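Enquirer: For reference, the file run39.csv (CSV, C-alpha atoms) is included below:
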chain,number,residue,atom,x,y,z
A,1,CYS,CA,-8.8,-44.1,3.9
A,2,VAL,CA,-10.7,-47.4,3.3
A,3,ALA,CA,-12.6,-47.2,6.6
A,4,ALA,CA,-13.3,-43.5,5.8
A,5,VAL,CA,-15.2,-44.3,2.7
A,6,ALA,CA,-17.9,-46.0,4.8
A,7,TYR,CA,-18.6,-42.5,6.2
A,8,VAL,CA,-19.5,-41.1,2.7
A,9,ASP,CA,-22.0,-43.6,1.3
A,10,PRO,CA,-25.4,-43.3,-0.3
A,11,GLY,CA,-26.9,-43.3,3.2
A,12,ASN,CA,-25.1,-40.1,3.9
A,13,PHE,CA,-26.5,-38.7,0.6
A,14,ALA,CA,-30.1,-39.6,1.6
A,15,THR,CA,-29.9,-38.3,5.2
A,16,ASN,CA,-27.9,-35.1,4.5
A,17,VAL,CA,-29.8,-34.1,1.3
A,18,THR,CA,-33.2,-34.7,3.0
A,19,ALA,CA,-32.1,-32.7,6.1
A,20,GLY,CA,-30.8,-29.8,4.0
A,21,ALA,CA,-33.8,-29.7,1.6
A,22,ARG,CA,-36.4,-29.9,4.5
A,23,TYR,CA,-34.7,-27.9,7.3
A,24,GLY,CA,-31.9,-25.9,5.7
A,25,PHE,CA,-28.9,-25.8,8.1
A,26,ALA,CA,-30.8,-26.8,11.2
A,27,LEU,CA,-29.2,-30.3,11.4
A,28,LEU,CA,-25.7,-29.3,10.4
A,29,TRP,CA,-24.7,-29.6,14.1
A,30,VAL,CA,-25.6,-33.3,14.0
A,31,VAL,CA,-23.2,-33.8,11.0
A,32,VAL,CA,-20.4,-32.0,12.8
A,33,ALA,CA,-21.0,-33.8,16.2
A,34,ALA,CA,-21.3,-37.2,14.5
A,35,SER,CA,-18.1,-36.6,12.5
A,36,ALA,CA,-16.2,-35.8,15.7
A,37,VAL,CA,-17.5,-38.9,17.4
A,38,ALA,CA,-16.5,-41.0,14.3
A,39,MET,CA,-13.0,-39.7,14.6
A,40,LEU,CA,-12.7,-40.7,18.2
A,41,VAL,CA,-14.3,-44.1,17.6
A,42,GLN,CA,-12.0,-44.9,14.6
A,43,TYR,CA,-8.9,-43.8,16.7
A,44,LEU,CA,-9.9,-46.2,19.4
A,45,SER,CA,-10.6,-49.0,16.9
A,46,ALA,CA,-7.2,-48.5,15.4
A,47,LYS,CA,-5.5,-48.5,18.8
A,48,LEU,CA,-7.3,-51.7,19.8
A,49,GLY,CA,-6.0,-53.5,16.8
A,50,ILE,CA,-2.4,-52.2,17.3
A,51,ALA,CA,-2.3,-52.9,21.0
A,52,THR,CA,-3.8,-56.4,21.0
A,53,GLY,CA,-3.2,-57.7,17.5
A,54,MET,CA,-6.8,-58.7,17.3
A,55,SER,CA,-9.9,-57.2,15.8
A,56,LEU,CA,-12.9,-56.1,17.8
A,57,PRO,CA,-15.0,-59.1,16.8
A,58,GLU,CA,-12.1,-61.5,17.7
A,59,LEU,CA,-11.9,-59.9,21.1
A,60,CYS,CA,-15.6,-60.3,21.6
A,61,ARG,CA,-15.3,-63.9,20.7
A,62,GLU,CA,-12.5,-64.5,23.1
A,63,ARG,CA,-13.8,-62.6,26.1
A,64,LEU,CA,-17.6,-62.8,25.9
A,65,GLY,CA,-19.9,-65.8,26.5
A,66,ARG,CA,-21.5,-67.7,23.7
A,67,PRO,CA,-24.9,-66.0,23.9
A,68,ALA,CA,-23.4,-62.5,23.8
A,69,ARG,CA,-21.1,-63.5,21.0
A,70,ILE,CA,-23.8,-64.9,18.9
A,71,GLY,CA,-26.1,-62.0,19.6
A,72,LEU,CA,-23.4,-59.5,18.6
A,73,TRP,CA,-22.7,-61.4,15.5
A,74,LEU,CA,-26.3,-61.5,14.4
A,75,GLN,CA,-26.8,-57.8,14.9
A,76,ALA,CA,-23.5,-57.0,13.2
A,77,GLU,CA,-24.7,-59.0,10.2
A,78,VAL,CA,-28.0,-57.0,10.1
A,79,VAL,CA,-25.9,-53.8,10.1
A,80,VAL,CA,-23.8,-55.1,7.2
A,81,VAL,CA,-26.9,-56.1,5.2
A,82,MET,CA,-28.4,-52.6,5.9
A,83,THR,CA,-25.2,-50.9,4.7
A,84,ASP,CA,-25.0,-53.1,1.7
A,85,LEU,CA,-28.7,-52.3,0.9
A,86,ALA,CA,-27.9,-48.6,1.1
A,87,GLU,CA,-24.9,-48.9,-1.1
A,88,VAL,CA,-26.5,-51.0,-3.8
A,89,VAL,CA,-29.7,-49.0,-3.9
A,90,GLY,CA,-27.6,-45.8,-4.0
A,91,GLY,CA,-25.5,-47.0,-6.8
A,92,ALA,CA,-28.6,-48.2,-8.7
A,93,LEU,CA,-30.2,-44.8,-8.3
A,94,GLY,CA,-27.1,-43.1,-9.5
A,95,LEU,CA,-27.1,-45.2,-12.7
A,96,GLN,CA,-30.8,-44.4,-13.2
A,97,LEU,CA,-30.3,-40.7,-12.8
A,98,LEU,CA,-27.3,-40.6,-15.1
A,99,PHE,CA,-28.2,-43.1,-17.8
A,100,GLY,CA,-31.9,-44.1,-17.2
A,101,VAL,CA,-30.9,-47.7,-16.2
A,102,PRO,CA,-33.8,-49.6,-14.5
A,103,LEU,CA,-33.2,-49.7,-10.7
A,104,TRP,CA,-33.0,-53.5,-10.5
A,105,ALA,CA,-30.4,-53.6,-13.4
A,106,GLY,CA,-28.5,-50.8,-11.8
A,107,GLY,CA,-28.3,-52.8,-8.5
A,108,LEU,CA,-26.8,-55.8,-10.4
A,109,LEU,CA,-24.3,-53.5,-12.2
A,110,THR,CA,-23.3,-51.9,-8.9
A,111,ALA,CA,-22.7,-55.3,-7.3
A,112,GLY,CA,-20.7,-56.4,-10.3
A,113,GLY,CA,-18.5,-53.2,-10.3
A,114,MET,CA,-17.9,-53.8,-6.6
A,115,LEU,CA,-16.7,-57.3,-7.1
A,116,LEU,CA,-14.2,-56.1,-9.8
A,117,ILE,CA,-12.8,-53.6,-7.3
A,118,LEU,CA,-12.6,-56.2,-4.5
A,119,MET,CA,-10.6,-58.4,-6.9
A,120,LEU,CA,-7.9,-55.8,-6.6
A,121,ARG,CA,-7.7,-56.5,-2.8
A,122,GLN,CA,-6.5,-60.0,-3.8
A,123,ARG,CA,-3.7,-58.5,-5.8
A,124,GLY,CA,-2.5,-56.3,-2.9
A,125,ARG,CA,-3.8,-53.7,-0.4
A,126,ARG,CA,-2.2,-50.7,-2.2
A,127,ARG,CA,-4.1,-51.1,-5.4
A,128,PHE,CA,-7.4,-51.6,-3.6
A,129,GLU,CA,-6.8,-48.5,-1.4
A,130,ALA,CA,-5.8,-46.5,-4.5
A,131,VAL,CA,-9.1,-47.2,-6.3
A,132,VAL,CA,-11.2,-46.5,-3.1
A,133,ALA,CA,-9.3,-43.3,-2.5
A,134,ALA,CA,-9.9,-42.2,-6.1
A,135,LEU,CA,-13.7,-42.8,-5.7
A,136,LEU,CA,-13.7,-40.8,-2.5
A,137,THR,CA,-11.9,-38.0,-4.3
A,138,VAL,CA,-14.7,-38.0,-7.0
A,139,VAL,CA,-17.3,-37.7,-4.3
A,140,LEU,CA,-15.4,-34.9,-2.5
A,141,ALA,CA,-14.9,-32.9,-5.8
A,142,ALA,CA,-18.6,-33.4,-6.7
A,143,PHE,CA,-20.0,-31.9,-3.5
A,144,VAL,CA,-17.4,-29.1,-3.1
A,145,TYR,CA,-18.6,-28.1,-6.6
A,146,GLN,CA,-22.2,-28.4,-5.6
A,147,THR,CA,-21.6,-26.3,-2.5
A,148,LEU,CA,-19.9,-23.6,-4.4
A,149,ARG,CA,-22.8,-23.5,-6.9
A,150,ALA,CA,-25.2,-23.2,-4.0
A,151,ARG,CA,-23.5,-20.0,-2.7
A,152,VAL,CA,-24.0,-21.0,1.0
A,153,ASP,CA,-24.6,-18.2,3.4
A,154,ALA,CA,-21.9,-18.6,6.1
A,155,SER,CA,-23.9,-16.8,8.8
A,156,GLU,CA,-26.8,-19.2,8.3
A,157,ALA,CA,-24.4,-22.2,8.4
A,158,VAL,CA,-23.1,-21.0,11.8
A,159,HIS,CA,-26.7,-20.9,13.2
A,160,GLY,CA,-27.0,-24.5,12.1
A,161,LEU,CA,-24.4,-25.5,14.7
A,162,VAL,CA,-26.9,-24.8,17.5
A,163,PRO,CA,-28.4,-28.1,18.7
A,164,GLY,CA,-32.1,-28.7,18.2
A,165,PHE,CA,-34.6,-31.0,16.4
A,166,PRO,CA,-36.7,-29.1,13.8
A,167,GLY,CA,-40.0,-30.3,12.5
A,168,GLN,CA,-41.8,-33.6,13.1
A,169,ASP,CA,-39.1,-35.8,11.7
A,170,GLY,CA,-36.1,-33.9,12.8
A,171,ALA,CA,-35.2,-36.5,15.4
A,172,LEU,CA,-35.6,-39.3,12.8
A,173,LEU,CA,-33.2,-37.5,10.5
A,174,ALA,CA,-30.7,-36.9,13.3
A,175,VAL,CA,-30.7,-40.6,14.1
A,176,GLY,CA,-30.2,-41.4,10.4
A,177,ILE,CA,-27.3,-39.0,10.2
A,178,VAL,CA,-25.7,-40.6,13.2
A,179,GLY,CA,-26.1,-44.1,11.7
A,180,ALA,CA,-24.7,-42.9,8.4
A,181,THR,CA,-21.7,-41.2,10.0
A,182,VAL,CA,-20.8,-43.4,13.0
A,183,MET,CA,-20.9,-46.7,11.0
A,184,PRO,CA,-20.5,-49.8,13.3
A,185,HIS,CA,-19.2,-52.0,10.5
A,186,ALA,CA,-16.4,-49.5,9.9
A,187,ILE,CA,-15.4,-49.9,13.6
A,188,TYR,CA,-15.1,-53.7,13.2
A,189,LEU,CA,-13.1,-53.2,9.9
A,190,HIS,CA,-10.6,-50.6,11.1
A,191,SER,CA,-9.6,-52.7,14.1
A,192,ALA,CA,-8.7,-55.5,11.7
A,193,LEU,CA,-6.9,-53.4,9.2
A,194,THR,CA,-4.5,-51.9,11.8
A,195,GLN,CA,-3.3,-55.4,12.8
A,196,GLU,CA,-1.1,-55.3,9.7
A,197,LEU,CA,0.7,-52.1,10.6
A,198,LEU,CA,3.5,-53.1,13.0
A,199,PRO,CA,4.6,-55.9,15.3
A,200,ARG,CA,3.1,-55.8,18.8
A,201,GLU,CA,6.4,-56.7,20.5
A,202,ASP,CA,8.1,-53.3,19.9
A,203,SER,CA,6.7,-50.7,22.4
A,204,THR,CA,8.2,-47.7,20.6
A,205,ARG,CA,6.9,-48.8,17.2
A,206,ARG,CA,3.4,-49.5,18.6
A,207,LYS,CA,3.2,-46.0,20.0
A,208,LEU,CA,4.4,-44.6,16.7
A,209,ALA,CA,1.8,-46.7,14.9
A,210,VAL,CA,-1.0,-45.3,17.2
A,211,ARG,CA,0.2,-41.7,16.5
A,212,MET,CA,0.3,-42.3,12.8
A,213,SER,CA,-3.2,-43.9,12.9
A,214,MET,CA,-4.5,-40.9,14.8
A,215,VAL,CA,-3.2,-38.5,12.1
A,216,ASP,CA,-4.6,-40.8,9.4
A,217,VAL,CA,-8.0,-40.9,11.1
A,218,VAL,CA,-8.2,-37.1,11.5
A,219,VAL,CA,-7.2,-36.5,7.9
A,220,ALA,CA,-9.4,-39.1,6.3
A,221,LEU,CA,-12.5,-38.5,8.4
A,222,GLY,CA,-11.9,-34.8,8.2
A,223,VAL,CA,-12.3,-35.1,4.5
A,224,ALA,CA,-15.4,-37.3,5.0
A,225,ALA,CA,-16.8,-34.6,7.4
A,226,VAL,CA,-16.3,-31.9,4.8
A,227,VAL,CA,-18.1,-34.1,2.2
A,228,ASN,CA,-21.0,-34.7,4.5
A,229,ALA,CA,-21.3,-31.1,5.5
A,230,ALA,CA,-21.1,-30.1,1.8
A,231,ILE,CA,-23.9,-32.5,0.9
A,232,LEU,CA,-26.2,-31.0,3.5
A,233,MET,CA,-25.2,-27.4,2.6
A,234,ALA,CA,-25.6,-28.0,-1.1
A,235,ALA,CA,-29.2,-29.1,-0.6
A,236,THR,CA,-30.2,-26.1,1.5
A,237,PRO,CA,-31.2,-23.9,-1.5
A,238,LEU,CA,-33.8,-26.7,-2.3
A,239,ARG,CA,-35.7,-25.9,0.9
A,240,GLY,CA,-39.4,-25.3,0.1
A,241,ALA,CA,-39.0,-26.8,-3.4
A,242,GLY,CA,-40.9,-30.0,-2.5
A,243,VAL,CA,-37.9,-32.2,-2.6
A,244,ASP,CA,-38.8,-35.5,-1.0
A,245,SER,CA,-36.2,-37.8,-2.6
A,246,LEU,CA,-32.8,-38.0,-4.2
A,247,ALA,CA,-34.5,-38.1,-7.6
A,248,ASP,CA,-36.3,-34.9,-6.8
A,249,ALA,CA,-33.0,-33.3,-5.6
A,250,HIS,CA,-31.4,-34.3,-8.9
A,251,THR,CA,-34.2,-32.7,-10.9
A,252,ALA,CA,-34.1,-29.6,-8.7
A,253,PHE,CA,-30.4,-29.2,-9.0
A,254,GLY,CA,-30.8,-29.4,-12.8
A,255,THR,CA,-33.5,-26.8,-12.8
A,256,ALA,CA,-31.7,-24.4,-10.5
A,257,TYR,CA,-28.1,-24.8,-11.7
A,258,GLY,CA,-28.1,-26.6,-15.0
A,259,SER,CA,-27.6,-30.1,-16.3
A,260,LEU,CA,-23.9,-30.3,-15.4
A,261,THR,CA,-24.7,-29.8,-11.7
A,262,ALA,CA,-27.4,-32.5,-11.9
A,263,ALA,CA,-24.9,-34.8,-13.6
A,264,VAL,CA,-22.2,-34.1,-10.9
A,265,PHE,CA,-24.8,-35.1,-8.2
A,266,GLY,CA,-25.5,-38.4,-10.0
A,267,VAL,CA,-21.8,-39.1,-10.5
A,268,GLY,CA,-21.1,-38.5,-6.8
A,269,LEU,CA,-23.9,-40.8,-5.7
A,270,LEU,CA,-22.7,-43.6,-8.0
A,271,ALA,CA,-19.1,-43.2,-6.9
A,272,SER,CA,-20.1,-43.4,-3.2
A,273,GLY,CA,-22.2,-46.5,-3.8
A,274,LEU,CA,-19.3,-48.3,-5.6
A,275,ALA,CA,-16.6,-47.3,-3.0
A,276,ALA,CA,-18.7,-47.9,0.1
A,277,SER,CA,-20.1,-51.3,-1.1
A,278,CYS,CA,-16.5,-52.6,-1.3
A,279,VAL,CA,-16.0,-51.7,2.3
A,280,GLY,CA,-19.3,-53.2,3.4
A,281,VAL,CA,-18.6,-56.6,2.0
A,282,TYR,CA,-15.0,-56.6,3.3
A,283,SER,CA,-16.4,-55.7,6.7
A,284,GLY,CA,-18.8,-58.6,6.5
A,285,GLN,CA,-15.9,-61.0,6.1
A,286,ILE,CA,-14.2,-59.5,9.2
A,287,VAL,CA,-17.4,-59.8,11.2
A,288,MET,CA,-17.9,-63.5,10.4
A,289,GLN,CA,-14.3,-64.5,10.8
A,290,GLY,CA,-14.0,-62.6,14.1
A,291,PHE,CA,-17.1,-63.7,15.8
A,292,LEU,CA,-17.4,-67.3,14.4
A,293,ARG,CA,-14.0,-68.2,13.0
A,294,ARG,CA,-15.9,-68.9,9.8
A,295,SER,CA,-15.7,-67.4,6.3
A,296,ILE,CA,-17.5,-67.7,3.0
A,297,PRO,CA,-16.4,-66.6,-0.5
A,298,LEU,CA,-16.9,-62.9,-1.3
A,299,TRP,CA,-19.1,-63.7,-4.2
A,300,LEU,CA,-21.5,-65.7,-2.0
A,301,ARG,CA,-21.6,-63.0,0.6
A,302,ARG,CA,-22.3,-60.5,-2.2
A,303,LEU,CA,-25.2,-62.6,-3.4
A,304,VAL,CA,-26.7,-63.0,0.1
A,305,SER,CA,-26.4,-59.3,0.9
A,306,LEU,CA,-27.6,-58.3,-2.6
A,307,ALA,CA,-31.0,-60.1,-2.2
A,308,PRO,CA,-32.6,-57.6,0.2
A,309,ALA,CA,-31.5,-54.7,-2.0
A,310,ILE,CA,-32.8,-56.2,-5.2
A,311,ALA,CA,-36.1,-57.1,-3.5
A,312,VAL,CA,-36.5,-53.5,-2.4
A,313,LEU,CA,-35.8,-52.3,-6.0
A,314,LEU,CA,-38.2,-54.9,-7.6
A,315,LEU,CA,-41.0,-54.1,-5.1
A,316,GLY,CA,-40.9,-50.5,-6.1
A,317,VAL,CA,-40.0,-49.1,-2.7
A,318,ASP,CA,-38.9,-45.5,-2.9
A,319,PRO,CA,-35.1,-45.6,-2.9
A,320,THR,CA,-34.7,-42.6,-0.7
A,321,ARG,CA,-37.1,-44.0,1.9
A,322,ALA,CA,-35.2,-47.3,1.9
A,323,LEU,CA,-31.9,-45.4,2.3
A,324,LEU,CA,-33.2,-43.4,5.3
A,325,ALA,CA,-34.7,-46.5,7.0
A,326,SER,CA,-31.5,-48.4,6.6
A,327,GLN,CA,-29.5,-45.7,8.3
A,328,VAL,CA,-31.8,-45.6,11.2
A,329,VAL,CA,-31.4,-49.3,11.7
A,330,VAL,CA,-27.6,-48.9,11.5
A,331,SER,CA,-27.7,-46.2,14.2
A,332,PHE,CA,-29.3,-48.7,16.6
A,333,GLY,CA,-26.3,-51.0,15.9
A,334,VAL,CA,-23.7,-48.4,16.9
A,335,PRO,CA,-23.8,-49.0,20.7
A,336,PHE,CA,-23.3,-52.8,20.2
A,337,ALA,CA,-19.9,-52.0,18.6
A,338,LEU,CA,-19.1,-48.9,20.6
A,339,VAL,CA,-19.7,-50.1,24.1
A,340,PRO,CA,-17.4,-53.2,23.8
A,341,LEU,CA,-14.8,-50.9,22.1
A,342,VAL,CA,-14.8,-48.5,25.0
A,343,VAL,CA,-14.7,-51.3,27.6
A,344,PHE,CA,-11.8,-53.1,25.9
A,345,THR,CA,-9.7,-50.0,25.2
A,346,GLY,CA,-10.1,-49.0,28.9
A,347,ASN,CA,-8.8,-52.3,30.1
A,348,ARG,CA,-5.2,-51.9,31.2
A,349,ALA,CA,-4.5,-55.6,31.4
A,350,LEU,CA,-5.5,-55.9,27.7
A,351,MET,CA,-4.2,-52.6,26.3
A,352,GLY,CA,-1.1,-52.2,28.5
A,353,GLU,CA,0.5,-48.7,28.1
A,354,LEU,CA,-1.9,-47.9,25.3
A,355,VAL,CA,-4.9,-48.0,27.6
A,356,ASN,CA,-7.3,-45.0,27.3
A,357,ARG,CA,-6.5,-42.0,29.5
A,358,ARG,CA,-9.2,-40.6,31.7
A,359,GLY,CA,-10.1,-37.8,29.2
A,360,THR,CA,-10.4,-40.3,26.3
A,361,LEU,CA,-12.4,-42.7,28.4
A,362,ALA,CA,-14.8,-39.9,29.5
A,363,ALA,CA,-15.2,-38.7,25.9
A,364,ALA,CA,-15.8,-42.2,24.5
A,365,THR,CA,-18.3,-43.0,27.3
A,366,SER,CA,-20.1,-39.8,26.8
A,367,ALA,CA,-20.4,-40.5,23.1
A,368,ALA,CA,-21.9,-43.9,23.7
A,369,VAL,CA,-24.4,-42.5,26.2
A,370,LEU,CA,-25.5,-39.8,23.9
A,371,ILE,CA,-26.0,-42.1,20.9
A,372,ILE,CA,-28.0,-44.5,23.1
A,373,ALA,CA,-30.0,-41.6,24.5
A,374,LEU,CA,-30.8,-40.3,21.0
A,375,ASN,CA,-31.9,-43.8,19.8
A,376,ALA,CA,-34.1,-44.1,23.0
A,377,TYR,CA,-35.6,-40.6,22.4
A,378,LEU,CA,-36.6,-41.6,18.9
A,379,VAL,CA,-38.2,-44.8,20.1
A,380,VAL,CA,-40.2,-43.0,22.8
A,381,ARG,CA,-41.2,-40.2,20.4
A,382,THR,CA,-42.3,-42.8,17.8
A,383,LEU,CA,-44.4,-44.8,20.3
A,384,ARG,CA,-46.3,-41.7,21.5
If you took the structure in this file and wrote it as structure tokens, what would it be?

Expert:
Amino acid sequence: CVAAVAYVDPGNFATNVTAGARYGFALLWVVVAASAVAMLVQYLSAKLGIATGMSLPELCRERLGRPARIGLWLQAEVVVVMTDLAEVVGGALGLQLLFGVPLWAGGLLTAGGMLLILMLRQRGRRRFEAVVAALLTVVLAAFVYQTLRARVDASEAVHGLVPGFPGQDGALLAVGIVGATVMPHAIYLHSALTQELLPREDSTRRKLAVRMSMVDVVVALGVAAVVNAAILMAATPLRGAGVDSLADAHTAFGTAYGSLTAAVFGVGLLASGLAASCVGVYSGQIVMQGFLRRSIPLWLRRLVSLAPAIAVLLLGVDPTRALLASQVVVSFGVPFALVPLVVFTGNRALMGELVNRRGTLAAATSAAVLIIALNAYLVVRTLR
């Protein structure tokens, strides 16, 4: 559940709302495909932690040379900063939409709320997970409600499952959706969380742990997929209404469906920012400890990662544009986590009887190739 929250953050709001408001259901297929890839990737991440007793960053440190290790750590930190930026900016925007709080002040309040939630992690994993699960439930309820109010046409939604890139920035939005859905920092995090499940020495219990993790991943990320699809579908009635930002969407929802619907949108955005920012900072700790065997206090990491977000807010950068840009950057970080994950989980000497089967290996390799190809396509198209 904790890792799943990373898949329903303000970056998802920005990419999915923008996609729905500009192109209707045309990019729904990206949300569905990216969610399926996320399930596979998180399953592999969980299996890696159970089979080896090590996180993905730890394995990279142990099995890769120093230049590769340092390079992977640096790009992973960039990913964490970009996800923190999205979460803080999203939470700040949610507070502004709901209560009129200035964006910079909302960013500070979001960071403060996140630290309070993270303090629960020190008191035990169950309390922390319960709070995060509650926030995820708020987001789910908010957008199921939004979708029901939007009265989605099922036949149009089905047409949205046909692959294609609409408009001039369809590819850019597709890359952003992939970045917001297949989050690399969540890959690092999940491989660390599953180390706590069961002892490695017991083969039967390890296999049981893998099966339990698979069910957990399918259920949790299935919920996340429903939320992401609901966000996009809820925004489709706004097509042609000149919606270019989350603030515009908030106003348009209020105009079309009333103040309650607009408030629900703001509450969902704020809850996603708070929940996902907890995961982002926790992932940052896993990344640094794994790649470098170093750690810094959570409050210090929060201050460092908060600086770019506050700078964006103080400089007056449009929050939605900042969110979209951050998710595109995150998408380019996905292969740096996914390729080592596929290589390690396909290594029989490392994984033993839990090594990937041929079908799993083929699916994971195909996912990595497709994401790399999509990123390359965006680069080529941008340079033309």

Enquirer: Using only C-alpha atoms, which residue out of A:Thr320, A:Thr18, A:Gln285, A:Ser45 lies closest to Ala86 (chain A)?

Expert: A:Thr320

Enquirer: Can you find the residues with an atom no farther than 10 Å from (-27.9, -52.4, 4.3), counting only C-alpha atoms, and report them as a PyMOL selection string?

Expert: chain A and resi 11+77-89+277+280+305-306+308-309+322-323+325-327+329-330

Enquirer: As a PyMOL selection string, please: the residues near region 226-242 of chain A (cut-off 10 Å, all atoms listed in the file, same-chain neighbours under 4 positions excluded).

Expert: chain A and resi 7-9+12-32+35+136-137+139-153+157+177+180-181+221-222+248-249+252-253+256+265

Enquirer: Write out as a ChimeraX atom specification the residues lying within 8 Å of Leu135 (chain A), counting all atoms listed in the file and excluding same-chain residues fewer than 4 positions away.

Expert: /A:131,139,271-272,274-275

Enquirer: I'd like the interatomic distance between CA of Asp318 (chain A) and CA of Leu103 (chain A), to a tenth of an Å.

Expert: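 According to the coordinates, CA of Asp318 (chain A) and CA of Leu103 (chain A) are separated by 10.5 Å.
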
Enquirer: I'd like the contact shell of Gly352 (chain A) - 12 Å cut-off, only C-alpha atoms, skipping same-chain residues fewer than 6 positions apart - returned as a PDB file with C-alpha atoms, in the coordinates of the input.

Expert:
ATOM      1  CA  LYS A  47      -5.500 -48.500  18.800  1.00  0.00           C
ATOM      2  CA  LEU A  48      -7.300 -51.700  19.800  1.00  0.00           C
ATOM      3  CA  ILE A  50      -2.400 -52.200  17.300  1.00  0.00           C
ATOM      4  CA  ALA A  51      -2.300 -52.900  21.000  1.00  0.00           C
ATOM      5  CA  THR A  52      -3.800 -56.400  21.000  1.00  0.00           C
ATOM      6  CA  ARG A 200       3.100 -55.800  18.800  1.00  0.00           C
ATOM      7  CA  GLU A 201       6.400 -56.700  20.500  1.00  0.00           C
ATOM      8  CA  SER A 203       6.700 -50.700  22.400  1.00  0.00           C
ATOM      9  CA  ARG A 206       3.400 -49.500  18.600  1.00  0.00           C
ATOM     10  CA  LYS A 207       3.200 -46.000  20.000  1.00  0.00           C
ATOM     11  CA  PHE A 344     -11.800 -53.100  25.900  1.00  0.00           C
ATOM     12  CA  THR A 345      -9.700 -50.000  25.200  1.00  0.00           C
ATOM     13  CA  GLY A 346     -10.100 -49.000  28.900  1.00  0.00           C
TER      14      GLY A 346
END

Enquirer: Given all atoms listed in the file as the basis, pick out the residue of A:Leu298, A:Leu354, A:Leu74, A:Ala368 nearest to Ser283 (chain A).

Expert: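 Closest residue, counting all atoms listed in the file: A:Leu298.
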
Enquirer: Which residues are close to region 109-117 of chain A, i.e. within 6 Å by all atoms listed in the file, leaving aside same-chain residues fewer than 3 positions away? Reply as a list in words.

Expert: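 The residues satisfying every condition are Gly91, Gly106, Leu120, Leu274 and Cys278 of chain A.
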
Enquirer: Considering all atoms listed in the file, state which residue in the set A:Ala349, A:Cys60, A:Ala225, A:Leu97 is at the smallest distance from His250 (chain A).

Expert: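 Looking only at the distances to His250 (chain A), the closest residue turns out to be A:Leu97.
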
Enquirer: From the set A:Pro297, A:Val217, A:Val243, A:Ile286, which residue has the shortest atom-to-atom contact distance to Leu40 (chain A), counting all atoms listed in the file?

Expert: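 Looking at the shortest contact to Leu40 (chain A), the residue is A:Val217.
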
Enquirer: Could you work out how far CA of His190 (chain A) lies from CA of Tyr377 (chain A), giving the answer in Å with one decimal?

Expert: 29.2 Å

Enquirer: So, with only C-alpha atoms as the atoms that count, which of A:Leu172, A:Leu350, A:Val279, A:Met288 lies closest to Arg61 (chain A)?

Expert: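 The answer is A:Met288, which sits nearest to Arg61 (chain A).
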
Enquirer: I'd like to know which of A:Leu270, A:Val218, A:Ala34, A:Ala209 is closest to Gly94 (chain A), using all atoms listed in the file.

Expert: A:Leu270

Enquirer: Give me, please, the distance in Å between CA of Val158 (chain A) and CA of Thr261 (chain A), quoted to one decimal.

Expert: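 Separating CA of Val158 (chain A) from CA of Thr261 (chain A) is a distance of 25.1 Å.
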
Enquirer: Which residues are near Leu378 (chain A)? Cut-off 9 Å, all atoms listed in the file, ignore same chain within fewer than 5 positions. Put them as a count of residues only.

Expert: 5

Enquirer: Restrict the calculation to only C-alpha atoms, then for each residue of region 23-124 of chain A with any atom at most 12 Å from an atom of region 359-363 of chain A give the closest atom pair and their distance in Å to one decimal, rows by chain and rising residue number, as a Markdown table.

Expert:
| residue | atom | partner | partner_atom | distance |
| --- | --- | --- | --- | --- |
| A:Ala36 | CA | A:Ala363 | CA | 10.7 |
| A:Val37 | CA | A:Ala363 | CA | 8.8 |
| A:Ala38 | CA | A:Ala363 | CA | 11.9 |
| A:Met39 | CA | A:Ala363 | CA | 11.6 |
| A:Leu40 | CA | A:Ala363 | CA | 8.3 |
| A:Val41 | CA | A:Ala363 | CA | 9.9 |
| A:Tyr43 | CA | A:Thr360 | CA | 10.3 |
| A:Leu44 | CA | A:Thr360 | CA | 9.1 |
